[in-house]
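S.K.: Compact mmCIF, C-alpha atoms, file structure.txt:
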```
# COMPACT_ATOMS: atom_id res chain seq x y z
CA ALA A 1407 50.80 100.86 115.07
CA LEU A 1408 52.01 103.87 117.06
CA GLU A 1409 51.81 106.14 113.99
CA LYS A 1410 48.28 104.97 113.19
CA GLU A 1411 46.91 105.37 116.71
CA THR A 1412 48.50 108.79 117.10
CA LYS A 1413 46.92 110.07 113.89
CA ARG A 1414 43.58 108.75 115.11
CA PHE A 1415 44.14 110.48 118.46
CA ILE A 1416 44.74 113.82 116.71
CA TYR A 1417 41.50 113.46 114.76
CA TYR A 1418 39.64 112.47 117.93
CA THR A 1419 40.95 115.61 119.65
CA LEU A 1420 39.79 117.73 116.72
CA ASP A 1421 36.35 116.10 116.91
CA PHE A 1422 36.28 116.91 120.65
CA LEU A 1423 37.12 120.56 119.93
CA LEU A 1424 34.33 120.82 117.36
CA HIS A 1425 31.87 119.14 119.75
CA ALA A 1426 32.48 121.92 122.31
CA PHE A 1427 30.77 124.33 119.88
CA ASP A 1428 28.25 121.88 118.37
CA LEU A 1429 30.17 121.89 115.08
CA GLU A 1430 30.43 118.97 112.67
CA TYR A 1431 33.27 117.92 110.41
CA HIS A 1432 33.17 119.51 106.96
CA GLU A 1433 34.22 116.17 105.55
CA GLN A 1434 33.61 112.76 107.05
CA SER A 1435 36.95 111.53 108.32
CA GLU A 1436 37.89 107.87 108.07
CA TRP A 1437 39.86 108.35 111.29
CA VAL A 1438 36.85 109.07 113.52
CA GLU A 1439 34.57 106.10 114.04
CA LYS A 1440 30.87 106.67 114.55
CA ASN A 1441 30.95 105.18 118.05
CA PHE A 1442 33.38 107.91 119.13
CA HIS A 1443 31.71 110.72 117.21
CA ASP A 1444 28.33 109.91 118.79
CA LYS A 1445 29.60 109.99 122.39
CA SER A 1446 28.69 112.82 124.77
CA PHE A 1447 31.21 115.59 125.41
CA SER A 1448 32.25 114.07 128.74
CA GLY A 1449 32.24 110.59 127.21
CA LYS A 1450 34.69 111.71 124.54
CA TYR A 1451 37.00 113.22 127.14
CA ASP A 1452 36.97 110.05 129.22
CA TYR A 1453 37.75 107.98 126.12
CA LEU A 1454 40.61 110.31 125.15
CA LYS A 1455 42.14 109.83 128.61
CA LEU A 1456 41.81 106.06 128.26
CA LEU A 1457 43.34 106.02 124.79
CA HIS A 1458 46.13 108.36 125.90
CA GLY A 1459 47.03 105.91 128.65
CA GLU A 1460 46.99 102.95 126.27
CA ILE A 1461 49.23 104.65 123.69
CA HIS A 1462 51.63 105.80 126.40
CA SER A 1463 51.83 102.26 127.85
CA TYR A 1464 52.51 100.87 124.39
CA TYR A 1465 55.33 103.40 123.91
CA ILE A 1466 56.86 102.60 127.31
CA GLY A 1467 56.74 98.88 126.52
CA MET A 1468 58.58 99.21 123.20
CA ASN A 1469 62.10 97.79 123.10
CA LYS A 1470 63.75 101.02 121.96
CA GLU A 1471 67.22 99.42 122.01
CA LEU A 1472 66.26 97.60 118.81
CA LEU A 1473 65.35 100.86 117.04
CA GLU A 1474 67.69 102.91 114.89
CA GLN A 1475 68.43 106.50 115.95
CA LYS A 1476 65.91 108.00 113.50
CA GLU A 1477 63.27 105.52 114.61
CA ARG A 1478 63.83 106.44 118.27
CA GLU A 1479 63.56 110.14 117.43
CA ARG A 1480 60.35 109.46 115.50
CA ALA A 1481 58.87 107.54 118.41
CA GLU A 1482 59.69 110.44 120.76
CA HIS A 1483 58.00 112.90 118.41
CA ILE A 1484 54.93 110.70 118.15
CA ILE A 1485 54.49 110.36 121.91
CA SER A 1486 55.00 114.14 122.23
CA ALA A 1487 52.15 114.62 119.74
CA VAL A 1488 49.88 112.40 121.85
CA ARG A 1489 50.85 114.27 125.02
CA ASN A 1490 50.12 117.65 123.43
CA CYS A 1491 46.75 116.45 122.15
CA MET A 1492 45.85 115.46 125.70
CA PHE A 1493 46.95 118.89 126.97
CA SER A 1494 44.70 120.46 124.33
CA ALA A 1495 41.74 118.26 125.27
CA LYS A 1496 42.19 119.16 128.96
CA SER A 1497 42.11 122.90 128.14
CA ILE A 1498 39.00 122.42 125.99
CA LYS A 1499 37.30 120.46 128.77
CA ASP A 1500 38.20 123.14 131.34
CA SER A 1501 36.73 125.80 129.04
CA HIS A 1502 33.44 124.01 128.47
CA GLY A 1503 31.60 125.59 131.41
CA ASP A 1504 32.48 129.07 130.12
CA ILE A 1505 31.45 128.12 126.59
CA GLU A 1506 28.02 127.03 127.80
CA GLN A 1507 27.69 130.18 129.91
CA PHE A 1508 28.49 132.47 126.96
CA LYS A 1509 26.25 130.46 124.64
CA ASN A 1510 23.23 130.92 126.93
CA SER A 1511 24.04 134.42 128.21
CA SER A 1512 21.56 137.29 127.97
CA SER A 1513 24.54 139.62 127.61
CA ASN A 1514 25.08 140.61 123.99
CA VAL A 1515 28.82 140.94 124.61
CA LYS A 1516 29.19 137.43 126.06
CA PHE A 1517 26.99 135.85 123.40
CA GLN A 1518 29.03 137.57 120.71
CA VAL A 1519 32.20 136.11 122.26
CA TYR A 1520 30.61 132.68 121.86
CA MET A 1521 29.63 133.31 118.22
CA ASP A 1522 33.06 134.72 117.35
CA LYS A 1523 34.83 131.79 119.00
CA LYS A 1524 32.56 129.29 117.25
CA LYS A 1525 33.44 130.79 113.86
CA GLU A 1526 37.12 130.83 114.80
CA VAL A 1527 37.06 127.16 115.84
CA ASP A 1528 35.30 126.28 112.60
CA GLU A 1529 38.04 127.97 110.54
CA PHE A 1530 40.82 126.59 112.74
CA SER A 1531 39.56 123.04 112.33
CA GLN A 1532 39.48 123.37 108.54
CA MET A 1533 43.08 124.64 108.52
CA LEU A 1534 44.19 121.86 110.85
CA HIS A 1535 42.53 119.23 108.67
CA ALA A 1536 44.29 120.73 105.63
CA CYS A 1537 47.65 120.31 107.36
CA LEU A 1538 46.98 116.63 107.98
CA VAL A 1539 46.17 115.81 104.35
CA ARG A 1540 48.92 117.77 102.55
CA PRO A 1541 50.87 115.57 100.11
CA THR A 1542 54.38 116.97 100.74
CA GLN A 1543 56.55 117.89 103.73
CA LYS A 1544 57.06 121.42 102.36
CA ALA A 1545 53.31 122.03 102.09
CA MET A 1546 52.76 120.57 105.56
CA TYR A 1547 55.44 122.79 107.07
CA ASP A 1548 54.10 125.95 105.40
CA ASP A 1549 50.56 125.17 106.57
CA VAL A 1550 51.61 124.51 110.17
CA VAL A 1551 53.57 127.79 110.31
CA VAL A 1552 50.59 129.72 108.91
CA LEU A 1553 48.30 128.07 111.46
CA TYR A 1554 50.68 128.86 114.32
CA ASN A 1555 51.03 132.50 113.28
CA ARG A 1556 47.27 132.85 112.96
CA VAL A 1557 46.77 131.56 116.49
CA GLN A 1558 49.45 133.94 117.79
CA LYS A 1559 47.91 137.00 116.14
CA GLY A 1560 44.38 136.00 117.12
CA TYR A 1561 45.32 135.74 120.79
CA ALA A 1562 46.84 139.24 120.82
CA ALA A 1563 43.92 140.75 118.88
CA GLN A 1564 41.28 139.29 121.17
CA LEU A 1565 43.08 140.51 124.29
CA LYS A 1566 43.20 144.00 122.82
CA GLY A 1567 39.49 143.85 122.04
CA LEU A 1568 38.63 142.77 125.59
CA TYR A 1569 40.62 145.64 127.11
CA GLN A 1570 38.86 148.09 124.81
CA GLN A 1571 35.47 146.76 125.89
CA GLN A 1572 36.49 147.07 129.53
CA ALA A 1573 37.62 150.66 128.96
CA SER A 1574 34.24 151.51 127.41
CA HIS A 1575 32.44 149.89 130.39
CA GLN A 1576 30.80 147.16 128.32
CA LEU A 1577 32.18 144.55 130.74
CA THR A 1578 32.31 144.29 134.51
CA GLU A 1579 35.52 143.44 136.35
CA VAL A 1580 34.28 139.88 136.88
CA ASP A 1581 33.36 139.57 133.20
CA ILE A 1582 36.74 140.77 132.00
CA SER A 1583 38.54 138.35 134.34
CA THR A 1584 36.40 135.44 133.12
CA LEU A 1585 36.90 136.33 129.46
CA ILE A 1586 40.66 136.86 129.76
CA ASN A 1587 41.07 133.51 131.51
CA PHE A 1588 38.85 131.83 128.91
CA ASN A 1589 40.84 133.40 126.09
CA ARG A 1590 44.12 132.21 127.57
CA GLU A 1591 42.82 128.69 128.23
CA PHE A 1592 41.47 128.31 124.73
CA TYR A 1593 44.59 129.53 123.02
CA ALA A 1594 46.55 127.11 125.19
CA ALA A 1595 44.34 124.42 123.61
CA TYR A 1596 45.10 125.75 120.12
CA LYS A 1597 48.82 125.93 120.78
CA ALA A 1598 48.97 122.38 122.14
CA ILE A 1599 47.18 120.82 119.19
CA VAL A 1600 49.28 122.80 116.69
CA TRP A 1601 52.36 121.52 118.51
CA ALA A 1602 50.96 117.99 118.29
CA VAL A 1603 50.47 118.30 114.54
CA LYS A 1604 53.98 119.74 114.22
CA ASP A 1605 55.47 116.78 116.09
CA PHE A 1606 53.48 114.27 114.05
CA LEU A 1607 53.99 115.74 110.57
CA LEU A 1608 57.36 117.44 110.41
CA GLU A 1609 60.81 115.99 109.97
CA GLU A 1610 63.51 116.59 112.58
CA GLU A 1611 65.13 119.62 110.92
CA GLN A 1612 61.80 121.31 110.18
CA SER A 1613 60.58 120.56 113.67
CA ARG A 1614 63.64 122.18 115.25
CA TYR A 1615 63.20 125.32 113.16
CA PHE A 1616 59.50 125.49 114.01
CA ALA A 1617 60.30 125.22 117.72
CA GLU A 1618 62.39 128.40 117.43
CA LEU A 1619 59.41 130.48 116.29
CA PRO A 1620 58.47 133.10 118.92
CA GLY A 1621 55.91 132.00 121.52
CA PHE A 1622 52.72 133.87 122.23
CA ILE A 1623 51.39 132.66 125.59
CA ARG A 1624 53.31 134.01 128.55
```
Let me see whether you can do it: turn the structure in this file into structure tokens.

M.R.:
Amino acid sequence: ALEKETKRFIYYTLDFLLHAFDLEYHEQSEWVEKNFHDKSFSGKYDYLKLLHGEIHSYYIGMNKELLEQKERERAEHIISAVRNCMFSAKSIKDSHGDIEQFKNSSSNVKFQVYMDKKKEVDEFSQMLHACLVRPTQKAMYDDVVVLYNRVQKGYAAQLKGLYQQQASHQLTEVDISTLINFNREFYAAYKAIVWAVKDFLLEEEQSRYFAELPGFIR
């Protein structure tokens, strides 16, 4: 039951991310019911908080003394995945005001930030979905590492681009502060959901190795 609800929670978080940019799933997922998919942005966030609380209560109520060591470790990984999904959803929610501002901005620079981020989210969601449907642990691990490295490089590249735009006076001081904070918040959302997928998909040894990969948000 915990495995099933956690997988659903990951897919719900992905749907929430896509909703922030008015994007749809490329494939209809059996894990996202229509009554969730059709909710408003704020309605989805409220439901995610409710479901997070229910899953966490279920985990707390489990009699872990009856579980074997591997089962206890698995349960801990699963609840970590749920927690990281909620962290990701919170960062997405906190970014939504900026997303709407950039989407409706008369500034070509800000609007282009929105369009670039929308394309990036579209590609990220496809890669994340691919991780979740891989048939083998080796393929899952390779995909998650590729996804993580892509997020890391993307964060550094976008920061560099923002500083270049500031240097060429395309952005005001207020604009650059807003965009840097937005960039950091959104990559925090990416990192959290990648970590959630890592915790859910990977075995203990693979998970430990993955955790040793260099971080990118300081």

S.K.: For a quick check of your reading of the model, name the residues lying within 12 Å of the coordinate (26.6, 124.7, 128.0), counting all atoms listed in the file, and write them as a list in words.

M.R.: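 Residues found, by chain and rising number: His1425, Ala1426, Phe1427, Asp1428, Phe1447, Lys1499, Ser1501, His1502, Gly1503, Asp1504, Ile1505, Glu1506, Gln1507, Phe1508, Lys1509, Asn1510, Ser1511 and Tyr1520 of chain A.
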
S.K.: Given only C-alpha atoms as the basis, pick out the residue of A:Tyr1464, A:Phe1422, A:Tyr1453, A:Trp1437 nearest to A:Ala1407.

M.R.: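 Checking each of A:Tyr1464, A:Phe1422, A:Tyr1453, A:Trp1437 against A:Ala1407, counting only C-alpha atoms, the winner is A:Tyr1464.
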
S.K.: Looking at A:Val1600, A:Asp1528, A:Lys1445, A:Leu1577, which one is nearest to A:Asn1555, with distances taken over only C-alpha atoms?

M.R.: A:Val1600

S.K.: Restricting the calculation to all atoms listed in the file: of A:Glu1411, A:Lys1566, A:Tyr1451, A:Thr1584, which residue gets closest to A:Ile1498?

M.R.: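 Looking only at the distances to A:Ile1498, the closest residue turns out to be A:Tyr1451.
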
S.K.: Taking all atoms listed in the file into account, which of A:Ser1583, A:Gln1558, A:Asn1514, A:Thr1412 comes nearest A:Leu1454?

M.R.: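 Using all atoms listed in the file, the shortest distance to A:Leu1454 belongs to A:Thr1412.
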
S.K.: Just the number, please: distance in Å from atom CA of A:Glu1529 to atom CA of A:Leu1553, one decimal.

M.R.: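 Atom CA of A:Glu1529 sits 10.3 Å away from atom CA of A:Leu1553.
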
S.K.: List every protein, DNA or RNA residue that has at least one atom no more than 12 Å from (47.1, 106.3, 112.6) in the file's coordinates, counting all atoms listed in the file, and write the result as a PyMOL selection string.

M.R.: chain A and resi 1407-1418+1436-1438+1461+1484+1488+1538+1606-1607

S.K.: Would you mind reading off the distance between atom CA of A:Leu1456 and atom CA of A:Ala1602, one decimal, in Å?

M.R.: 18.0 Å

S.K.: Can you work out the spacing between atom CA of A:Ala1495 and atom CA of A:Arg1480 in Å, to one decimal?

M.R.: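 About the pair atom CA of A:Ala1495 and atom CA of A:Arg1480: they are 22.8 Å apart.
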
S.K.: Box time for stretch 1476-1481 of chain A: axis-aligned, enclosing all its listed atoms, 3 Å extra on each side; report centre and edge lengths in Å to one decimal, as JSON.

M.R.:
```
{"center_x": 62.4, "center_y": 107.8, "center_z": 116.0, "size_x": 13.0, "size_y": 10.6, "size_z": 10.9}
```

S.K.: Using only C-alpha atoms, which of A:Val1539, A:Val1552, A:Leu1420, A:Asn1589 sits nearest A:Asp1522?

M.R.: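 Closest to A:Asp1522 of all the choices is A:Asn1589.
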